Amino acid sequence: MTAVPLGVPEVPARPIAERRVSRRIQVGPVAVGGGAPVSVQSMTTTRTSDVGVTLQQIAELTASGCQIVRVACPTQDDADALATIARKSQIPVIADIHFQPKYVFAAIEAGCAAVRVNPGNIKQFDDRVKEIAQAAKDHGTPIRIGVNAGSLDRRLLRKYGRATPEALVESALWEASLFEEHGFRDIKISVKHNDPVVMIEAYRQLAEQCDYPLHLGVTEAGPAFQGTIKSAVAFGALLSRGIGDTIRVSLSAPPAEEVKVGIQILQSLGLKERRLEIVSCPSCGRAQVDVYQLAEEVTAGLDGMEVPLRVAVMGCVVNGPGEAREADLGVASGNGKGQIFVKGEVIKTVPESKIVETLIEEAMKIAEQMEQDGVGSGEPAVTVS
């Protein structure tokens with residue numbers, strides 16, 4: 001009989017799509033573009049001038065899996081804080097600059113890993129592009145040209161009537177051309193819109209017209225639920241075509257939540273090593289246990305586990321045994337008890353009151369064995385149904 005592989009699926013040998021060919025830049029130690037893994041970004045919500053609080057939030061983002069962080073720099077006090085933040089941050093820091101060219105130079109001198117500028121807000125920049133390009137070149141600092149629908153250049157709004165995909169792309173490429181005139185091509189581009197359909201088309205057009213690495217984002221995506229859906233749809237549509245080198249999920253929620261969603265999107269597409277994965281059923285009239293409660297308790301009990309583990313928590317006898325059998329660890333519940341599966345085999349049957357406790361105990365045993373066997377670290381994968 002042919003063995004059936006169980007547990008968390010490996011990242012497929014063939015990617016979901018051939019990655020778009022782009023030039024590679026370095027954002028600090030993180031390679032972007034040129035076939036490098038897609039990286040997850042977020043942005044601090046603190047006043048950058050409050051160095052301690054900002055560094056604390058960056059530490060929290062780092063712990064959640066964030067690879068690059070952006071900080072706002074609207075004032076001189078913020079600019080003055082950049083050197084300390086860039087030096088003490090564990091991940092590369094990008095300075096977010098609008099309106100004031102002097103802060104671009106401050107960020108470059110402070111040692112920021114990159115600087116983001118917005119073409120729609122940089123009228124004063126145009127006459128200083130040569131200086132900016134030279135300073136960035138001297139320090140090895142990439143520039144992200146970040147176009148936003150909400151701050152599109154008025155000239156382009158008059159030309160197109162609104163923030164169309166064509167308008168976003170023209171803005172980005174026009175700004176890139178100003179840097180290219182001075183021999184500077186260490187550039188990353190984003191063309192963000194709050195409508196995923198417009199955003200997808202803008203990036204599709206941009207990908208065809210340049211070879212710069214692209215940073216994906218649905219800007220002002222909304223509250224956590226809505227923003228997660230919009231970002232997942234947009235990123236999935238683009239990444240499945242090989243388009244996208246870095247991502248940021250923009251949510252009206254704590255930044256660490258943005259990172260968690262971004263990581264999950266990449267894992268779901270096979271673009272990042274799978275870690276903790278919870279598979280659970282939506283429950284139905286067949287369920288004989290409180291699946292929601294079981295799922296929450298198991299997830300909480302496995303929080304922090306650092307091996308790729310798939311756990312199935314199933315609520316009925318229809319799909320339960322099959323799903324539990326295909327996971328590293330699982331339970332098929334019914335009639336006040338649960339069958340516990342480990343690597344496809346039933347090892348015991350326990351009362352419903354012991355299901356969570358037993359799953360956590362068995363998960364710890366599996367994790368310990370996986371660590372001894374040298375299985376790659378990561379968060380556990382839990383399947384709840």
# chains A, B, ... in the order shown; residues from 1 in each chain; ligands from 1

$ select_by_dssp --residues "range 50-108 of chain A" --states "helix (DSSP H, G or I)" --output "MDAnalysis selection string"
chainID A and resid 51:64 76:88 101:108

$ residues_around --residues "Gln41 in chain A" --least-positions-apart "6" --cutoff "10 Å" --atoms "only C-alpha atoms" --output "PDB file with all heavy atoms, in the first residue's frame"
ATOM      1  N   LEU A  61       6.473  43.829  16.887  1.00  0.00           N
ATOM      2  CA  LEU A  61       6.289  43.460  15.490  1.00  0.00           C
ATOM      3  C   LEU A  61       7.313  42.411  15.068  1.00  0.00           C
ATOM      4  O   LEU A  61       6.991  41.460  14.351  1.00  0.00           O
ATOM      5  CB  LEU A  61       6.416  44.701  14.598  1.00  0.00           C
ATOM      6  CG  LEU A  61       5.232  45.676  14.648  1.00  0.00           C
ATOM      7  CD1 LEU A  61       5.592  46.986  13.969  1.00  0.00           C
ATOM      8  CD2 LEU A  61       4.016  45.053  13.975  1.00  0.00           C
ATOM      9  N   THR A  62       8.543  42.582  15.519  1.00  0.00           N
ATOM     10  CA  THR A  62       9.591  41.610  15.205  1.00  0.00           C
ATOM     11  C   THR A  62       9.216  40.233  15.741  1.00  0.00           C
ATOM     12  O   THR A  62       9.359  39.217  15.044  1.00  0.00           O
ATOM     13  CB  THR A  62      10.936  42.062  15.807  1.00  0.00           C
ATOM     14  OG1 THR A  62      11.267  43.362  15.311  1.00  0.00           O
ATOM     15  CG2 THR A  62      12.047  41.081  15.439  1.00  0.00           C
ATOM     16  N   GLY A  65       6.798  38.325  13.646  1.00  0.00           N
ATOM     17  CA  GLY A  65       7.249  37.856  12.349  1.00  0.00           C
ATOM     18  C   GLY A  65       7.476  38.931  11.311  1.00  0.00           C
ATOM     19  O   GLY A  65       7.825  38.636  10.169  1.00  0.00           O
ATOM     20  N   CYS A  66       7.314  40.199  11.698  1.00  0.00           N
ATOM     21  CA  CYS A  66       7.539  41.307  10.771  1.00  0.00           C
ATOM     22  C   CYS A  66       9.011  41.335  10.357  1.00  0.00           C
ATOM     23  O   CYS A  66       9.908  41.146  11.184  1.00  0.00           O
ATOM     24  CB  CYS A  66       7.153  42.624  11.439  1.00  0.00           C
ATOM     25  SG  CYS A  66       7.217  44.064  10.359  1.00  0.00           S
ATOM     26  N   GLN A  67       9.262  41.588   9.076  1.00  0.00           N
ATOM     27  CA  GLN A  67      10.634  41.581   8.566  1.00  0.00           C
ATOM     28  C   GLN A  67      11.177  42.968   8.238  1.00  0.00           C
ATOM     29  O   GLN A  67      12.382  43.174   8.210  1.00  0.00           O
ATOM     30  CB  GLN A  67      10.699  40.696   7.322  1.00  0.00           C
ATOM     31  CG  GLN A  67      10.415  39.229   7.627  1.00  0.00           C
ATOM     32  CD  GLN A  67      10.067  38.449   6.385  1.00  0.00           C
ATOM     33  OE1 GLN A  67       8.950  38.540   5.874  1.00  0.00           O
ATOM     34  NE2 GLN A  67      11.006  37.688   5.877  1.00  0.00           N
ATOM     35  N   ILE A  68      10.294  43.903   7.953  1.00  0.00           N
ATOM     36  CA  ILE A  68      10.671  45.288   7.654  1.00  0.00           C
ATOM     37  C   ILE A  68       9.614  46.182   8.280  1.00  0.00           C
ATOM     38  O   ILE A  68       8.419  45.874   8.209  1.00  0.00           O
ATOM     39  CB  ILE A  68      10.729  45.548   6.144  1.00  0.00           C
ATOM     40  CG1 ILE A  68      11.756  44.627   5.468  1.00  0.00           C
ATOM     41  CG2 ILE A  68      11.074  47.004   5.845  1.00  0.00           C
ATOM     42  CD1 ILE A  68      11.740  44.701   3.942  1.00  0.00           C
ATOM     43  N   VAL A  69      10.025  47.291   8.880  1.00  0.00           N
ATOM     44  CA  VAL A  69       9.055  48.169   9.528  1.00  0.00           C
ATOM     45  C   VAL A  69       9.224  49.598   9.009  1.00  0.00           C
ATOM     46  O   VAL A  69      10.342  50.054   8.759  1.00  0.00           O
ATOM     47  CB  VAL A  69       9.206  48.138  11.070  1.00  0.00           C
ATOM     48  CG1 VAL A  69      10.551  48.710  11.505  1.00  0.00           C
ATOM     49  CG2 VAL A  69       8.052  48.862  11.747  1.00  0.00           C
ATOM     50  N   ARG A  70       8.105  50.286   8.843  1.00  0.00           N
ATOM     51  CA  ARG A  70       8.122  51.681   8.396  1.00  0.00           C
ATOM     52  C   ARG A  70       7.699  52.571   9.550  1.00  0.00           C
ATOM     53  O   ARG A  70       6.794  52.220  10.314  1.00  0.00           O
ATOM     54  CB  ARG A  70       7.164  51.834   7.210  1.00  0.00           C
ATOM     55  CG  ARG A  70       7.161  53.201   6.566  1.00  0.00           C
ATOM     56  CD  ARG A  70       6.692  53.127   5.097  1.00  0.00           C
ATOM     57  NE  ARG A  70       5.494  52.330   4.917  1.00  0.00           N
ATOM     58  CZ  ARG A  70       4.284  52.835   4.664  1.00  0.00           C
ATOM     59  NH1 ARG A  70       4.109  54.152   4.596  1.00  0.00           N
ATOM     60  NH2 ARG A  70       3.254  52.046   4.478  1.00  0.00           N
ATOM     61  N   PRO A  92      15.022  45.975   9.633  1.00  0.00           N
ATOM     62  CA  PRO A  92      15.259  47.207   8.876  1.00  0.00           C
ATOM     63  C   PRO A  92      14.141  48.225   9.043  1.00  0.00           C
ATOM     64  O   PRO A  92      12.961  47.872   9.051  1.00  0.00           O
ATOM     65  CB  PRO A  92      15.338  46.708   7.422  1.00  0.00           C
ATOM     66  CG  PRO A  92      15.674  45.265   7.525  1.00  0.00           C
ATOM     67  CD  PRO A  92      15.030  44.771   8.782  1.00  0.00           C
ATOM     68  N   ILE A  94      12.303  51.657   7.599  1.00  0.00           N
ATOM     69  CA  ILE A  94      12.067  52.547   6.466  1.00  0.00           C
ATOM     70  C   ILE A  94      11.433  53.827   6.996  1.00  0.00           C
ATOM     71  O   ILE A  94      10.458  53.781   7.753  1.00  0.00           O
ATOM     72  CB  ILE A  94      11.121  51.909   5.439  1.00  0.00           C
ATOM     73  CG1 ILE A  94      11.744  50.652   4.838  1.00  0.00           C
ATOM     74  CG2 ILE A  94      10.778  52.900   4.331  1.00  0.00           C
ATOM     75  CD1 ILE A  94      10.844  49.927   3.855  1.00  0.00           C
ATOM     76  N   HIS A 215       6.059  46.522  -4.012  1.00  0.00           N
ATOM     77  CA  HIS A 215       5.504  46.372  -2.662  1.00  0.00           C
ATOM     78  C   HIS A 215       3.995  46.411  -2.768  1.00  0.00           C
ATOM     79  O   HIS A 215       3.421  47.403  -3.236  1.00  0.00           O
ATOM     80  CB  HIS A 215       6.004  47.508  -1.771  1.00  0.00           C
ATOM     81  CG  HIS A 215       5.344  47.561  -0.430  1.00  0.00           C
ATOM     82  ND1 HIS A 215       5.568  46.623   0.546  1.00  0.00           N
ATOM     83  CD2 HIS A 215       4.443  48.447   0.099  1.00  0.00           C
ATOM     84  CE1 HIS A 215       4.850  46.927   1.622  1.00  0.00           C
ATOM     85  NE2 HIS A 215       4.153  48.017   1.363  1.00  0.00           N
ATOM     86  N   LEU A 216       3.313  45.332  -2.354  1.00  0.00           N
ATOM     87  CA  LEU A 216       1.863  45.235  -2.490  1.00  0.00           C
ATOM     88  C   LEU A 216       1.148  45.790  -1.264  1.00  0.00           C
ATOM     89  O   LEU A 216       1.562  45.563  -0.132  1.00  0.00           O
ATOM     90  CB  LEU A 216       1.440  43.775  -2.685  1.00  0.00           C
ATOM     91  CG  LEU A 216       2.075  42.987  -3.838  1.00  0.00           C
ATOM     92  CD1 LEU A 216       1.413  41.618  -3.949  1.00  0.00           C
ATOM     93  CD2 LEU A 216       1.979  43.748  -5.147  1.00  0.00           C
ATOM     94  N   GLY A 217       0.030  46.473  -1.522  1.00  0.00           N
ATOM     95  CA  GLY A 217      -0.787  46.949  -0.420  1.00  0.00           C
ATOM     96  C   GLY A 217      -2.131  47.442  -0.908  1.00  0.00           C
ATOM     97  O   GLY A 217      -2.229  48.078  -1.958  1.00  0.00           O
ATOM     98  N   THR A 246       7.223  42.437  -1.677  1.00  0.00           N
ATOM     99  CA  THR A 246       6.963  42.667  -0.257  1.00  0.00           C
ATOM    100  C   THR A 246       5.482  42.986  -0.118  1.00  0.00           C
ATOM    101  O   THR A 246       4.841  43.432  -1.076  1.00  0.00           O
ATOM    102  CB  THR A 246       7.795  43.830   0.327  1.00  0.00           C
ATOM    103  OG1 THR A 246       7.446  45.058  -0.356  1.00  0.00           O
ATOM    104  CG2 THR A 246       9.279  43.582   0.163  1.00  0.00           C
ATOM    105  N   ILE A 247       4.917  42.750   1.074  1.00  0.00           N
ATOM    106  CA  ILE A 247       3.503  43.030   1.295  1.00  0.00           C
ATOM    107  C   ILE A 247       3.303  43.738   2.624  1.00  0.00           C
ATOM    108  O   ILE A 247       4.079  43.565   3.555  1.00  0.00           O
ATOM    109  CB  ILE A 247       2.642  41.748   1.289  1.00  0.00           C
ATOM    110  CG1 ILE A 247       3.025  40.818   2.449  1.00  0.00           C
ATOM    111  CG2 ILE A 247       2.762  41.025  -0.042  1.00  0.00           C
ATOM    112  CD1 ILE A 247       2.079  39.638   2.612  1.00  0.00           C
ATOM    113  N   ARG A 248       2.254  44.562   2.670  1.00  0.00           N
ATOM    114  CA  ARG A 248       1.797  45.116   3.939  1.00  0.00           C
ATOM    115  C   ARG A 248       0.271  45.083   3.956  1.00  0.00           C
ATOM    116  O   ARG A 248      -0.394  45.601   3.064  1.00  0.00           O
ATOM    117  CB  ARG A 248       2.263  46.566   4.125  1.00  0.00           C
ATOM    118  CG  ARG A 248       1.930  47.083   5.546  1.00  0.00           C
ATOM    119  CD  ARG A 248       1.166  48.373   5.541  1.00  0.00           C
ATOM    120  NE  ARG A 248       0.683  48.744   6.869  1.00  0.00           N
ATOM    121  CZ  ARG A 248       0.497  49.992   7.264  1.00  0.00           C
ATOM    122  NH1 ARG A 248       0.768  50.995   6.464  1.00  0.00           N
ATOM    123  NH2 ARG A 248      -0.006  50.233   8.459  1.00  0.00           N
ATOM    124  N   VAL A 249      -0.278  44.426   4.954  1.00  0.00           N
ATOM    125  CA  VAL A 249      -1.719  44.379   5.144  1.00  0.00           C
ATOM    126  C   VAL A 249      -2.104  45.591   5.986  1.00  0.00           C
ATOM    127  O   VAL A 249      -1.717  45.698   7.142  1.00  0.00           O
ATOM    128  CB  VAL A 249      -2.141  43.081   5.856  1.00  0.00           C
ATOM    129  CG1 VAL A 249      -3.644  43.079   6.092  1.00  0.00           C
ATOM    130  CG2 VAL A 249      -1.717  41.867   5.055  1.00  0.00           C
ATOM    131  N   SER A 250      -2.840  46.527   5.411  1.00  0.00           N
ATOM    132  CA  SER A 250      -3.193  47.766   6.105  1.00  0.00           C
ATOM    133  C   SER A 250      -4.542  47.611   6.797  1.00  0.00           C
ATOM    134  O   SER A 250      -5.585  47.602   6.138  1.00  0.00           O
ATOM    135  CB  SER A 250      -3.248  48.934   5.120  1.00  0.00           C
ATOM    136  OG  SER A 250      -2.002  49.144   4.507  1.00  0.00           O
ATOM    137  N   PRO A 255      -0.756  46.858  14.735  1.00  0.00           N
ATOM    138  CA  PRO A 255       0.153  46.442  13.656  1.00  0.00           C
ATOM    139  C   PRO A 255       0.503  44.960  13.669  1.00  0.00           C
ATOM    140  O   PRO A 255       0.679  44.359  12.605  1.00  0.00           O
ATOM    141  CB  PRO A 255       1.393  47.315  13.901  1.00  0.00           C
ATOM    142  CG  PRO A 255       0.899  48.499  14.639  1.00  0.00           C
ATOM    143  CD  PRO A 255      -0.225  48.007  15.490  1.00  0.00           C
ATOM    144  N   GLU A 258      -1.659  43.005  11.512  1.00  0.00           N
ATOM    145  CA  GLU A 258      -1.326  43.097  10.090  1.00  0.00           C
ATOM    146  C   GLU A 258      -0.300  42.032   9.714  1.00  0.00           C
ATOM    147  O   GLU A 258      -0.409  41.379   8.675  1.00  0.00           O
ATOM    148  CB  GLU A 258      -0.749  44.472   9.774  1.00  0.00           C
ATOM    149  CG  GLU A 258      -1.679  45.642  10.012  1.00  0.00           C
ATOM    150  CD  GLU A 258      -1.066  46.963   9.598  1.00  0.00           C
ATOM    151  OE1 GLU A 258       0.158  47.021   9.352  1.00  0.00           O
ATOM    152  OE2 GLU A 258      -1.821  47.954   9.514  1.00  0.00           O
ATOM    153  N   VAL A 259       0.694  41.873  10.574  1.00  0.00           N
ATOM    154  CA  VAL A 259       1.767  40.922  10.301  1.00  0.00           C
ATOM    155  C   VAL A 259       1.231  39.500  10.297  1.00  0.00           C
ATOM    156  O   VAL A 259       1.554  38.694   9.407  1.00  0.00           O
ATOM    157  CB  VAL A 259       2.898  41.072  11.336  1.00  0.00           C
ATOM    158  CG1 VAL A 259       3.968  40.003  11.133  1.00  0.00           C
ATOM    159  CG2 VAL A 259       3.505  42.467  11.244  1.00  0.00           C
ATOM    160  N   GLY A 262      -0.627  38.900   7.118  1.00  0.00           N
ATOM    161  CA  GLY A 262       0.304  38.812   6.000  1.00  0.00           C
ATOM    162  C   GLY A 262       1.027  37.481   5.947  1.00  0.00           C
ATOM    163  O   GLY A 262       1.157  36.863   4.871  1.00  0.00           O
ATOM    164  N   ILE A 263       1.483  37.034   7.095  1.00  0.00           N
ATOM    165  CA  ILE A 263       2.169  35.734   7.148  1.00  0.00           C
ATOM    166  C   ILE A 263       1.229  34.608   6.745  1.00  0.00           C
ATOM    167  O   ILE A 263       1.603  33.696   5.990  1.00  0.00           O
ATOM    168  CB  ILE A 263       2.731  35.501   8.559  1.00  0.00           C
ATOM    169  CG1 ILE A 263       3.905  36.442   8.839  1.00  0.00           C
ATOM    170  CG2 ILE A 263       3.154  34.048   8.746  1.00  0.00           C
ATOM    171  CD1 ILE A 263       4.426  36.391  10.256  1.00  0.00           C
TER     172      ILE A 263
END

$ closest_residue --among "A:Ile108, A:Leu82, A:Leu269, A:Ala167" --to "Glu201 in chain A" --atoms "only C-alpha atoms"
A:Ala167

$ select_by_dssp --residues "range 2-186 of chain A" --states "strand (DSSP E or B)" --output "VMD selection string"
chain A and resid 25 to 27 30 to 32 39 to 43 68 to 72 93 to 97 114 to 117 143 to 148

$ closest_residue --among "A:Val291, A:Ile85, A:Met199, A:Cys73" --to "Arg116 in chain A" --atoms "only C-alpha atoms"
A:Cys73

$ residues_around --residues "Arg23 in chain A" --least-positions-apart "2" --cutoff "7 Å" --atoms "only C-alpha atoms" --output "JSON, numbers by chain"
{"A": [25, 33, 34, 211, 212, 213]}

$ write_last_selection --atoms "N, CA, C and O atoms" --output "PDB file, in the first residue's frame"
ATOM      1  N   ILE A  25      17.038  44.582  -4.748  1.00  0.00           N
ATOM      2  CA  ILE A  25      17.595  45.626  -3.900  1.00  0.00           C
ATOM      3  C   ILE A  25      17.782  45.051  -2.496  1.00  0.00           C
ATOM      4  O   ILE A  25      17.250  43.993  -2.174  1.00  0.00           O
ATOM      5  N   GLY A  33      13.080  41.431  -4.113  1.00  0.00           N
ATOM      6  CA  GLY A  33      13.083  41.279  -5.555  1.00  0.00           C
ATOM      7  C   GLY A  33      14.152  40.311  -6.010  1.00  0.00           C
ATOM      8  O   GLY A  33      14.879  39.724  -5.204  1.00  0.00           O
ATOM      9  N   GLY A  34      14.235  40.099  -7.314  1.00  0.00           N
ATOM     10  CA  GLY A  34      15.246  39.213  -7.854  1.00  0.00           C
ATOM     11  C   GLY A  34      15.103  37.779  -7.399  1.00  0.00           C
ATOM     12  O   GLY A  34      16.095  37.058  -7.273  1.00  0.00           O
ATOM     13  N   ASP A 211      10.903  46.720 -14.322  1.00  0.00           N
ATOM     14  CA  ASP A 211      11.447  45.538 -13.648  1.00  0.00           C
ATOM     15  C   ASP A 211      11.809  45.824 -12.197  1.00  0.00           C
ATOM     16  O   ASP A 211      12.568  45.091 -11.576  1.00  0.00           O
ATOM     17  N   TYR A 212      11.262  46.908 -11.647  1.00  0.00           N
ATOM     18  CA  TYR A 212      11.514  47.215 -10.240  1.00  0.00           C
ATOM     19  C   TYR A 212      10.750  46.247  -9.335  1.00  0.00           C
ATOM     20  O   TYR A 212       9.656  45.786  -9.692  1.00  0.00           O
ATOM     21  N   PRO A 213      11.294  45.928  -8.155  1.00  0.00           N
ATOM     22  CA  PRO A 213      10.521  45.135  -7.196  1.00  0.00           C
ATOM     23  C   PRO A 213       9.289  45.913  -6.755  1.00  0.00           C
ATOM     24  O   PRO A 213       9.312  47.146  -6.683  1.00  0.00           O
TER      25      PRO A 213
END

$ closest_residue --among "A:Lys354, A:Arg144, A:Lys230, A:Lys337" --to "His193 in chain A" --atoms "only C-alpha atoms"
A:Lys230

$ residues_around --residues "Pro223 in chain A" --least-positions-apart "5" --cutoff "8 Å" --atoms "only C-alpha atoms" --output "VMD selection string"
chain A and resid 251 to 253

$ write_last_selection --atoms "N, CA and C atoms" --output "short mmCIF file (atom, residue, chain, number, x, y, z; two decimals), in the first residue's frame"
data_model
loop_
_atom_site.label_atom_id
_atom_site.label_comp_id
_atom_site.auth_asym_id
_atom_site.auth_seq_id
_atom_site.Cartn_x
_atom_site.Cartn_y
_atom_site.Cartn_z
N LEU A 251 -4.51 47.47 8.11
CA LEU A 251 -5.74 47.27 8.87
C LEU A 251 -5.94 48.37 9.90
N SER A 252 -7.20 48.66 10.20
CA SER A 252 -7.52 49.51 11.35
C SER A 252 -7.50 48.62 12.58
N ALA A 253 -6.31 48.19 12.93
CA ALA A 253 -6.09 47.22 14.00
C ALA A 253 -4.64 47.33 14.43
#

$ residues_around --residues "Phe235 in chain A" --least-positions-apart "2" --cutoff "9 Å" --atoms "only C-alpha atoms" --output "short mmCIF file (atom, residue, chain, number, x, y, z; two decimals) with C-alpha atoms, in the first residue's frame"
data_model
loop_
_atom_site.label_atom_id
_atom_site.label_comp_id
_atom_site.auth_asym_id
_atom_site.auth_seq_id
_atom_site.Cartn_x
_atom_site.Cartn_y
_atom_site.Cartn_z
CA PRO A 196 -8.79 45.68 -4.69
CA ILE A 200 -4.82 44.56 -8.88
CA LEU A 216 1.86 45.24 -2.49
CA GLY A 217 -0.79 46.95 -0.42
CA VAL A 218 -4.50 47.71 -0.37
CA LYS A 230 -9.68 42.72 0.73
CA SER A 231 -5.95 42.16 1.25
CA ALA A 232 -6.18 38.38 0.88
CA VAL A 233 -8.15 38.70 -2.35
CA ALA A 237 -4.67 37.52 -7.27
CA LEU A 238 -1.25 39.13 -7.76
CA LEU A 239 1.04 36.66 -5.99
CA SER A 240 -0.61 33.81 -7.88
CA ILE A 243 3.69 39.65 -8.93
CA GLY A 244 4.84 41.08 -5.60
CA ILE A 247 3.50 43.03 1.30
CA ILE A 265 -1.59 34.81 3.34
CA LEU A 266 1.93 33.83 2.30
#

$ closest_residue --among "A:Ser64, A:Ser353, A:Gln267, A:Ser89" --to "Pro37 in chain A" --atoms "only C-alpha atoms"
A:Gln267

$ atom_distance --atom1 "CA of Val289 in chain A" --atom2 "CA of Glu323 in chain A"
16.2 Å

$ closest_residue --among "A:Gln264, A:Asp303, A:Asp96, A:Phe341" --to "Gly236 in chain A" --atoms "only C-alpha atoms"
A:Gln264

$ closest_residue --among "A:Val261, A:Leu206, A:Val298, A:Met364" --to "Ile229 in chain A" --atoms "only C-alpha atoms"
A:Val261

$ decode --residues "range 57-103 of chain A" --atoms "C-alpha atoms" --output "mmCIF file, in the first residue's frame"
data_model
loop_
_atom_site.group_PDB
_atom_site.id
_atom_site.type_symbol
_atom_site.label_atom_id
_atom_site.label_comp_id
_atom_site.auth_asym_id
_atom_site.auth_seq_id
_atom_site.Cartn_x
_atom_site.Cartn_y
_atom_site.Cartn_z
ATOM 1 C CA GLN A 57 6.334 48.397 19.220
ATOM 2 C CA ILE A 58 9.022 47.428 16.724
ATOM 3 C CA ALA A 59 10.119 44.673 19.118
ATOM 4 C CA GLU A 60 6.525 43.404 19.278
ATOM 5 C CA LEU A 61 6.289 43.460 15.490
ATOM 6 C CA THR A 62 9.591 41.610 15.205
ATOM 7 C CA ALA A 63 8.327 38.929 17.589
ATOM 8 C CA SER A 64 5.184 38.540 15.473
ATOM 9 C CA GLY A 65 7.249 37.856 12.349
ATOM 10 C CA CYS A 66 7.539 41.307 10.771
ATOM 11 C CA GLN A 67 10.634 41.581 8.566
ATOM 12 C CA ILE A 68 10.671 45.288 7.654
ATOM 13 C CA VAL A 69 9.055 48.169 9.528
ATOM 14 C CA ARG A 70 8.122 51.681 8.396
ATOM 15 C CA VAL A 71 8.015 54.684 10.724
ATOM 16 C CA ALA A 72 6.365 58.053 10.098
ATOM 17 C CA CYS A 73 8.513 61.171 9.981
ATOM 18 C CA PRO A 74 6.295 64.270 9.802
ATOM 19 C CA THR A 75 8.340 66.504 12.166
ATOM 20 C CA GLN A 76 11.903 67.466 12.993
ATOM 21 C CA ASP A 77 11.628 65.662 16.325
ATOM 22 C CA ASP A 78 10.757 62.482 14.441
ATOM 23 C CA ALA A 79 13.717 62.975 12.113
ATOM 24 C CA ASP A 80 16.005 63.459 15.098
ATOM 25 C CA ALA A 81 14.859 60.122 16.534
ATOM 26 C CA LEU A 82 15.585 58.089 13.406
ATOM 27 C CA ALA A 83 19.262 57.402 14.072
ATOM 28 C CA THR A 84 18.595 55.799 17.452
ATOM 29 C CA ILE A 85 15.634 53.812 16.166
ATOM 30 C CA ALA A 86 17.486 52.580 13.076
ATOM 31 C CA ARG A 87 20.469 51.533 15.198
ATOM 32 C CA LYS A 88 18.490 49.716 17.886
ATOM 33 C CA SER A 89 15.783 48.089 15.769
ATOM 34 C CA GLN A 90 16.215 44.367 15.147
ATOM 35 C CA ILE A 91 14.667 44.688 11.690
ATOM 36 C CA PRO A 92 15.259 47.207 8.876
ATOM 37 C CA VAL A 93 13.589 50.591 9.353
ATOM 38 C CA ILE A 94 12.067 52.547 6.466
ATOM 39 C CA ALA A 95 11.424 56.259 7.009
ATOM 40 C CA ASP A 96 8.076 57.456 5.631
ATOM 41 C CA ILE A 97 8.531 60.982 4.250
ATOM 42 C CA HIS A 98 5.963 63.414 2.880
ATOM 43 C CA PHE A 99 6.205 67.091 1.890
ATOM 44 C CA GLN A 100 9.624 67.889 3.403
ATOM 45 C CA PRO A 101 12.738 66.986 1.355
ATOM 46 C CA LYS A 102 15.010 67.768 4.307
ATOM 47 C CA TYR A 103 13.682 64.730 6.166
#
